[in-house]
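A quick write-up on the structure given underneath.
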Amino acid sequence: MAEDMVPGTEEQPKRLAMVCWSSDLDRVWPTLILATTAAASDVEVDIFFTFWGLRVLQRNDRRITGTNWMQKGESLVDRGGTDHLKLGKIHFGGAGTKMIKKLAKDYKVASPTELMEMAMAIGVRMHPCQMTMDLYGLKSSDFIDGLQPSLGAASFIDMAAKADIQLFI
Amino acid sequence: MAEDMVPGTEEQPKRLAMVCWSSDLDRVWPTLILATTAAASDVEVDIFFTFWGLRVLQRNDRRITGTNWMQKGESLVDRGGTDHLKLGKIHFGGAGTKMIKKLAKDYKVASPTELMEMAMAIGVRMHPCQMTMDLYGLKSSDFIDGLQPSLGAASFIDMAAKADIQLFI
Amino acid sequence: MAEDMVPGTEEQPKRLAMVCWSSDLDRVWPTLILATTAAASDVEVDIFFTFWGLRVLQRNDRRITGTNWMQKGESLVDRGGTDHLKLGKIHFGGAGTKMIKKLAKDYKVASPTELMEMAMAIGVRMHPCQMTMDLYGLKSSDFIDGLQPSLGAASFIDMAAKADIQLFI
């Protein structure tokens with residue numbers, strides 16, 4: 001990429017577009033670390049929350065969501081909210097999530113919930129996927145405050161095509 | 001990316017290059033949704049099917065593939081074809097795959113098989129990875145019709161370097 | 001991307017920036033294949049090893065690492081080094097890793113350890129993530145020789161913004 005050589009483009013901020021596809025702690029964590037770090041360096045950041053990743057945007061105090069029994073059942077086994085994310089792999093018979101959170105705290109790595117607040121505060125744009133909202137039966141009121149309007153895949157493609165960095169995490 | 005400011009480039013269609021690395025239903029689904037959505041907006045789309053992802057291209061009626069016992073064994077536990085994809089994680093003791101397919105149907109989200117046909121019809125280019133074909137002992141006749149010739153990693157790198165969006169899914 | 005139309009940029013080598021996030025054999029393998037293939041075509045390659053992926057850089061003969069009991073425990077269940085990578089999914093009751101390695105050998109696909117040496121030899125730049133080093137209690141002496149200095153997320157963002165291809169694997 002050599003845009004800085006093209007006259008008239010020097011002033012354009014760099015852009016980062018990410019897909020947050022998973023609600024696994026070990027995927028959400030790097031997503032939010034990259035987002036906050038990039039935004040702190042004046043990179044414009046958009047994150048599209050889709051599939052399992054949509055649950056990350058759920059309020060921590062929301063327990064059962066959805067309107068039909070399948071959606072309600074799904075919401076029970078796949079609890080949303082940044083406080084409830086778990087490692088994608090079993091470590092130490094399930095104790096891994098607690099352990100890595102403790103390690104992170106000892107080494108002053110911000111938690112996903114703290115990173116999410118930080119990300120909002122410095123202007124990271126969070127977009128829920130409308131199709132996944134329909135599948136899960138999730139409504140805007142199930143989500144944390146401060147999100148962008150929900151989007152479809154076409155809008156994400158637009159966004160990604162304008163970005164300098166695209167990551168599917 | 002500011003190509004639209006560079007004289008002479010306004011007419012170039014945008015390009016999306018994806019690696020389909022997995023045969024998990026929850027990864028193939030977004031891959032095909034992004035592919036069809038992008039192609040419908042006149043983005044040129046290439047998908048490189050490699051590793052587990054190669055199985056996605058297998059005909060739904062092909063059961064045992066490969067020439068040696070390891071390849072045949074692999075093909076038995078890792079059934080290919082868009083009709084047989086399963087969620088990457090166990091949900092509801094294995095009932096998750098059925099449930100999410102039912103949910104998708106209720107909400108009129110096209111199935112992977114339908115999306116694959118749609119993708120072909122609107123010009124998404126599907127490239128099988130030659131190295132993975134060798135490893136699995138898969139032949140062109142094991143695949144669905146309408147694919148591009150098989151490629152190596154070097155060709156994918158070329159393709160990706162020319163694309164505006166690259167995603168490893 | 002249409003840089004080759006912009007005067008003065010024709011000579012710039014293409015760049016590939018990857019995040020190696022996982023230590024799963026089936027993710028590290030494509031990462032190293034893409035890296036060596038790209039570098040062999042004069043693409044400049046940077047890999048940022050973070051989270052589980054950091055273990056890939058560990059010396060094969062290093063067994064227990066870290067300074068506190070949690071770090072030591074983690075290092076025991078998550079053995080590092082390119083010789084010890086395992087498939088992300090259980091195949092054939094755990095025999096899958098052996099099988100795929102045998103298949104790869106039969107079909108003359110280089111092993112991760114061979115690919116890592118090759119990558120070093122042709123100039124692929126490997127960057128350990130400093131934050132993950134702190135979490136794991138890993139020191140430079142735990143790693144193979146020939147790495148770049150450790151980096152933070154901000155440096156990776158810089159690197160990725162300059163690259164033509166970015167992949168999170």
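Convention: chains lettered A, B, ... in structure tokens order; per-chain residue numbering from 1; ligands numbered from 1 as shown.
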
| query | Could you pull the residues within 10 Å of B:Ala110, counting only C-alpha atoms, minus those fewer than 6 positions along the same chain, as a VMD selection string? | reply | chain B and resid 29 32 to 33 101 104 116 118

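Using only C-alpha atoms, the protein and nucleic acid residues lying no more than 12 Å from C:Met120, apart from those fewer than 3 places from it along its own chain, are Leu32, Ala35, Thr36, Ala39, Ala40, Val45, Asp46, Ile47, Leu57, Thr113, Glu114, Leu115, Met116, Glu117, Gly123, Val124, Arg125, Met126, His127, Ile144, Asp145, Gly146, Leu147 and Gln148 of chain C.
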
Would you save the residues from that selection as a compact mmCIF listing (two decimals), in the first residue's frame, using C-alpha atoms?
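Result went into result.txt, see below:
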```
# COMPACT_ATOMS: atom_id res chain seq x y z
CA LEU C 32 4.07 -21.08 7.44
CA ALA C 35 4.82 -17.20 4.59
CA THR C 36 7.46 -19.25 2.80
CA ALA C 39 8.72 -14.81 0.62
CA ALA C 40 9.88 -17.05 -2.24
CA VAL C 45 6.46 -11.17 5.19
CA ASP C 46 5.86 -10.27 8.84
CA ILE C 47 4.24 -12.63 11.33
CA LEU C 57 8.27 -19.78 18.74
CA THR C 113 9.80 -27.23 11.92
CA GLU C 114 11.28 -27.42 8.41
CA LEU C 115 9.03 -24.60 7.22
CA MET C 116 10.07 -22.43 10.16
CA GLU C 117 13.76 -22.90 9.30
CA GLY C 123 13.86 -13.55 5.43
CA VAL C 124 10.38 -13.95 6.91
CA ARG C 125 10.28 -11.65 9.96
CA MET C 126 8.90 -13.28 13.11
CA HIS C 127 7.73 -10.97 15.91
CA ILE C 144 14.29 -20.14 18.85
CA ASP C 145 17.07 -17.97 17.42
CA GLY C 146 16.64 -15.45 14.67
CA LEU C 147 13.47 -13.69 15.80
CA GLN C 148 12.78 -9.98 15.57
```

Proximity check chain B to chain A, 7 Å, nearest pairs one decimal Å, only C-alpha atoms, as a tab-separated table:
```
residue	atom	partner	partner_atom	distance
B:Met1	CA	A:Lys162	CA	5.5
B:Ala2	CA	A:Thr9	CA	6.9
B:Leu34	CA	A:Ala153	CA	6.2
B:Thr37	CA	A:Ala154	CA	5.7
B:Ala38	CA	A:Ala154	CA	6.4
B:Leu103	CA	A:Leu135	CA	6.3
B:Ala104	CA	A:Leu135	CA	6.5
B:Tyr107	CA	A:Leu135	CA	6.5
B:Asp164	CA	A:Ala161	CA	5.6
B:Ile165	CA	A:Ala161	CA	5.8
B:Gln166	CA	A:Gln166	CA	6.6
B:Leu167	CA	A:Phe168	CA	5.8
B:Phe168	CA	A:Phe168	CA	6.4
B:Ile169	CA	A:Phe168	CA	6.5
```

Let's have the selection written as a short mmCIF file (atom, residue, chain, number, x, y, z; two decimals), in the first residue's frame, with N, CA and C atoms.
```cif
data_model
loop_
_atom_site.label_atom_id
_atom_site.label_comp_id
_atom_site.auth_asym_id
_atom_site.auth_seq_id
_atom_site.Cartn_x
_atom_site.Cartn_y
_atom_site.Cartn_z
N MET B 1 -7.60 3.18 2.06
CA MET B 1 -7.57 2.99 0.63
C MET B 1 -8.23 4.15 -0.09
N ALA B 2 -7.54 4.75 -0.98
CA ALA B 2 -8.09 5.95 -1.60
C ALA B 2 -7.96 5.87 -3.11
N LEU B 34 -20.86 -13.74 2.71
CA LEU B 34 -20.02 -12.62 2.27
C LEU B 34 -19.76 -12.71 0.77
N THR B 37 -23.02 -11.89 -1.22
CA THR B 37 -23.38 -10.48 -1.03
C THR B 37 -22.42 -9.58 -1.79
N ALA B 38 -21.14 -9.88 -1.69
CA ALA B 38 -20.14 -9.06 -2.39
C ALA B 38 -20.35 -9.15 -3.90
N LEU B 103 -33.59 -22.84 12.50
CA LEU B 103 -33.72 -21.40 12.74
C LEU B 103 -33.49 -20.62 11.44
N ALA B 104 -32.42 -20.99 10.74
CA ALA B 104 -32.07 -20.28 9.51
C ALA B 104 -33.21 -20.39 8.50
N TYR B 107 -36.08 -18.20 9.32
CA TYR B 107 -35.82 -16.78 9.09
C TYR B 107 -35.35 -16.53 7.65
N ASP B 164 -8.89 -6.04 -2.60
CA ASP B 164 -9.09 -4.94 -1.67
C ASP B 164 -9.40 -5.45 -0.27
N ILE B 165 -9.92 -6.65 -0.21
CA ILE B 165 -10.28 -7.26 1.07
C ILE B 165 -9.75 -8.68 1.07
N GLN B 166 -9.09 -9.06 2.16
CA GLN B 166 -8.64 -10.45 2.30
C GLN B 166 -9.11 -10.96 3.64
N LEU B 167 -9.70 -12.12 3.64
CA LEU B 167 -10.16 -12.70 4.90
C LEU B 167 -9.80 -14.18 4.96
N PHE B 168 -9.27 -14.59 6.09
CA PHE B 168 -8.98 -16.01 6.36
C PHE B 168 -10.07 -16.49 7.30
N ILE B 169 -10.93 -17.38 6.81
CA ILE B 169 -12.08 -17.80 7.61
C ILE B 169 -12.04 -19.31 7.84
#
```

Find the residues near C:Gly81: any atom within 6 Å, counting only C-alpha atoms, skip ones fewer than 2 places away on the same chain, and give them as a CSV table (one decimal) with N, CA and C atoms, in the first residue's frame.
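For reference, out-v4.csv as written:
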```csv
chain,number,residue,atom,x,y,z
C,56,VAL,N,4.4,-21.2,19.5
C,56,VAL,CA,5.1,-21.8,18.3
C,56,VAL,C,6.5,-21.4,18.2
C,57,LEU,N,6.9,-20.3,18.8
C,57,LEU,CA,8.3,-19.8,18.7
C,57,LEU,C,9.2,-20.4,19.8
C,58,GLN,N,8.5,-21.2,20.7
C,58,GLN,CA,9.3,-21.7,21.8
C,58,GLN,C,10.3,-22.8,21.3
C,59,ARG,N,11.4,-22.9,21.9
C,59,ARG,CA,12.4,-24.0,21.5
C,59,ARG,C,11.7,-25.3,21.8
C,60,ASN,N,12.0,-26.3,20.9
C,60,ASN,CA,11.4,-27.6,21.0
C,60,ASN,C,11.9,-28.3,22.3
C,83,ASP,N,7.7,-28.8,16.9
C,83,ASP,CA,7.6,-30.2,16.9
C,83,ASP,C,6.4,-30.8,17.6
C,84,HIS,N,5.8,-29.9,18.4
C,84,HIS,CA,4.8,-30.5,19.4
C,84,HIS,C,3.4,-29.9,19.1
```

| field | Selection near A:Leu138, 7 Å with only C-alpha atoms, sequence-local residues under 3 positions removed, as a list of chain:residue names | value |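 Contacts, with the query itself left out: A:Thr65, A:Gly66, A:Met133, A:Asp134, A:Asp142.
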
| query | In Å, with one decimal, what is the gap from atom CA of C:Thr97 to atom CA of C:Arg79? | reply | 14.5 Å

| field | Å distance separating atom CA of C:Pro128 from atom CA of C:Val109, one decimal place | value |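 Taking atom CA of C:Pro128 and atom CA of C:Val109, their separation equals 25.7 Å.
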